[in-house]
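Asks: Pasting a structure here, questions to come.
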Amino acid sequence: SDVTWAPGNSRAIVAYPDGSKVLYDFATQQQSTLPRAMSSFSFDPSGTKLASLYLGSSRAEQWLVVSNADGSQIQLVEPVGGKVQNFKPSWSPIGQIVGLFAEAVDGDRQEVVPIGRNGENFRSFLAPGRGFTAACAPSGERILYSVHNAASQGRPELYLADGRADSFGANSVSLGLATSADWCS
């Protein structure tokens with residue numbers, strides 16, 4: 001039902017409709033089964049580590065986690081606390097950020113908080129819309145993000161901003177393009 005590719009396309013996580021997930025390594029032709037509770041994967045730049053959501057049966061067992069690519073050695077990073085839809089595992093190319101938390105402030109703005117590997121909650125920024133979706137530049141220095149608001153009539157619009165953890169979202173500039181960041185490469 002879903003595939004998440006590692007950098008260099010040497011590994012992929014394949015999620016099946018029954019909820020099982022498998023890491024397949026194309027170089028070694030080996031596979032590993034990941035815990036069913038893991039979802040929403042993002043590989044680190046080396047393709048050896050994962051950021052993901054670990055969704056246990058209770059709110060106390062819902063976390064943003066970091067693990068080895070095969071799901072072993074899970075490190076708890078940030079409790080999700082029942083706000084699963086607000087968290088997105090997103091490992092930055094620089095490695096400073098492993099996830100993003102976005103929550104509505106009002107009808108036309110979201111507060112976005114980058115989350116560090118060691119539980120750091122870096123400075124947040126206010127995105128000028130809802131539906132925050134981001135893609136990092138290969139260097140990790142900039143992010144391309146999209147949001148929609150009343151002025152855009154609900155269509156996503158692209159913005160370019162700083163992508164480093166210490167200035168995430170700063171110097172945001174509208175590109176004047178009506179499309180979503182996840183449709184860009």
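Scheme for the structure tokens: letters A, B, ... for chains in order shown; per-chain residue numbers from 1; ligand numbers from 1 in order shown.
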Identify, with DSSP run on backbone atoms, the residues in region 6-157 of chain A assigned to strand (DSSP E), and express the list as a compact mmCIF listing (two decimals) with C-alpha atoms, in the first residue's frame.
Replies:
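File produced: result_31.txt:
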# COMPACT_ATOMS: atom_id res chain seq x y z
CA ARG A 11 16.66 0.05 0.62
CA ALA A 12 12.92 0.46 0.82
CA ILE A 13 10.20 -0.06 3.39
CA VAL A 14 7.13 -1.68 1.90
CA ALA A 15 3.87 -1.37 3.84
CA LYS A 21 5.94 -3.57 7.02
CA VAL A 22 9.12 -5.00 5.52
CA LEU A 23 12.52 -3.40 4.98
CA TYR A 24 14.12 -4.78 1.83
CA ASP A 25 17.83 -4.25 1.14
CA GLN A 30 17.62 -9.49 2.54
CA GLN A 31 14.44 -8.40 4.23
CA SER A 32 13.51 -7.55 7.81
CA THR A 33 10.04 -7.31 9.29
CA LEU A 34 9.42 -4.08 11.19
CA MET A 38 5.67 1.62 13.38
CA SER A 39 4.39 3.87 10.57
CA SER A 40 5.15 7.06 8.59
CA PHE A 41 8.83 6.45 7.86
CA SER A 42 11.68 8.84 7.05
CA PHE A 43 15.25 7.62 6.47
CA LYS A 49 18.39 4.98 10.58
CA LEU A 50 14.66 5.70 10.60
CA ALA A 51 12.42 8.30 12.13
CA SER A 52 8.87 7.00 12.44
CA LEU A 53 5.71 7.06 14.48
CA TYR A 54 5.31 4.24 16.98
CA LEU A 55 1.58 3.87 17.56
CA GLN A 62 2.40 6.72 20.94
CA TRP A 63 5.77 8.28 20.14
CA LEU A 64 7.95 9.83 17.49
CA VAL A 65 10.90 7.42 17.53
CA VAL A 66 14.32 6.86 15.95
CA SER A 67 15.58 3.35 15.22
CA ASN A 68 17.87 1.35 13.02
CA GLN A 75 14.84 5.39 20.84
CA LEU A 76 11.86 7.40 22.12
CA VAL A 77 12.10 11.01 20.94
CA GLU A 78 8.81 12.82 21.54
CA PRO A 79 5.43 11.66 22.92
CA PHE A 87 3.34 14.74 13.72
CA LYS A 88 5.35 13.93 10.61
CA PRO A 89 8.63 12.03 10.75
CA ILE A 97 15.65 17.44 12.62
CA VAL A 98 13.85 14.07 12.76
CA GLY A 99 10.26 15.25 12.78
CA LEU A 100 7.84 18.13 12.52
CA PHE A 101 4.86 19.02 14.66
CA ALA A 102 2.25 21.33 13.10
CA GLU A 103 -0.85 22.59 14.90
CA ALA A 104 -3.48 25.14 13.90
CA VAL A 105 -3.23 28.50 15.66
CA ASP A 106 -6.31 29.91 13.95
CA ARG A 109 -2.07 29.83 10.40
CA GLN A 110 -0.21 26.84 11.78
CA GLU A 111 2.60 26.76 14.32
CA VAL A 112 5.33 24.41 13.06
CA VAL A 113 7.89 22.98 15.52
CA PRO A 114 10.97 21.09 14.27
CA ILE A 115 11.89 18.21 16.60
CA GLY A 116 15.48 17.13 17.19
CA PHE A 125 7.49 29.42 13.28
CA LEU A 126 4.05 30.44 12.07
CA ALA A 127 3.20 29.17 8.59
CA ARG A 130 -2.94 25.23 7.02
CA GLY A 131 -2.00 21.82 5.58
CA PHE A 132 1.75 22.36 6.07
CA THR A 133 3.77 20.05 3.79
CA ALA A 134 7.56 20.43 3.44
CA ALA A 135 10.48 19.12 1.42
CA CYS A 136 14.12 19.79 2.31
CA ARG A 142 16.38 25.50 2.84
CA ILE A 143 12.88 24.04 2.87
CA LEU A 144 10.21 24.24 0.25
CA TYR A 145 6.82 24.17 1.92
CA SER A 146 3.20 24.58 0.95
CA VAL A 147 0.15 25.75 2.86
CA HIS A 148 -3.37 26.80 1.92
CA GLU A 157 0.88 27.69 -2.38
Asks: With distances taken over only C-alpha atoms, which residue among A:Pro138, A:Phe122, A:Asp108, A:Asn171 lies nearest Ser152 (chain A)?
Replies: A:Asp108
Asks: What is the distance between CA of Val80 (chain A) and CA of Ser1 (chain A), in Å to one decimal?
Replies: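 We find that CA of Val80 (chain A) and CA of Ser1 (chain A) lie 23.8 Å from each other.
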Asks: Apply DSSP to the backbone of this structure and, from region 34-178 of chain A, keep only the residues in helix (DSSP H, G or I); write these as a list in words.
Replies: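 DSSP-assigned helix (DSSP H, G or I) residues in region 34-178 of chain A: Arg59, Ala60, Glu61, Val84, Gln85, Asn86, Ala165, Asp166 and Ser167 of chain A.
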Asks: What would the file look like if the residues just selected were written as a tab-separated table (two decimals), in the first residue's frame with N, CA, C and O atoms?
Replies:
chain	number	residue	atom	x	y	z
A	59	ARG	N	-2.43	6.00	24.39
A	59	ARG	CA	-1.74	7.28	24.15
A	59	ARG	C	-0.34	7.29	24.74
A	59	ARG	O	0.56	7.91	24.21
A	60	ALA	N	-0.15	6.60	25.84
A	60	ALA	CA	1.16	6.54	26.49
A	60	ALA	C	2.17	5.78	25.63
A	60	ALA	O	3.38	5.91	25.83
A	61	GLU	N	1.68	4.98	24.68
A	61	GLU	CA	2.55	4.19	23.80
A	61	GLU	C	2.62	4.77	22.39
A	61	GLU	O	2.94	4.06	21.44
A	84	VAL	N	-1.60	12.29	16.65
A	84	VAL	CA	-0.89	11.61	15.57
A	84	VAL	C	-0.89	12.43	14.29
A	84	VAL	O	0.12	12.54	13.60
A	85	GLN	N	-2.03	13.02	13.94
A	85	GLN	CA	-2.16	13.75	12.70
A	85	GLN	C	-1.28	15.00	12.66
A	85	GLN	O	-1.01	15.54	11.58
A	86	ASN	N	-0.79	15.48	13.81
A	86	ASN	CA	0.04	16.67	13.87
A	86	ASN	C	1.53	16.38	13.70
A	86	ASN	O	2.32	17.31	13.54
A	165	ALA	N	17.87	23.92	11.80
A	165	ALA	CA	17.08	23.85	13.04
A	165	ALA	C	17.06	25.19	13.79
A	165	ALA	O	16.03	25.57	14.33
A	166	ASP	N	18.17	25.92	13.79
A	166	ASP	CA	18.24	27.17	14.55
A	166	ASP	C	17.51	28.33	13.87
A	166	ASP	O	17.28	29.37	14.49
A	167	SER	N	17.12	28.17	12.61
A	167	SER	CA	16.40	29.24	11.91
A	167	SER	C	15.26	28.69	11.05
A	167	SER	O	14.84	29.32	10.09
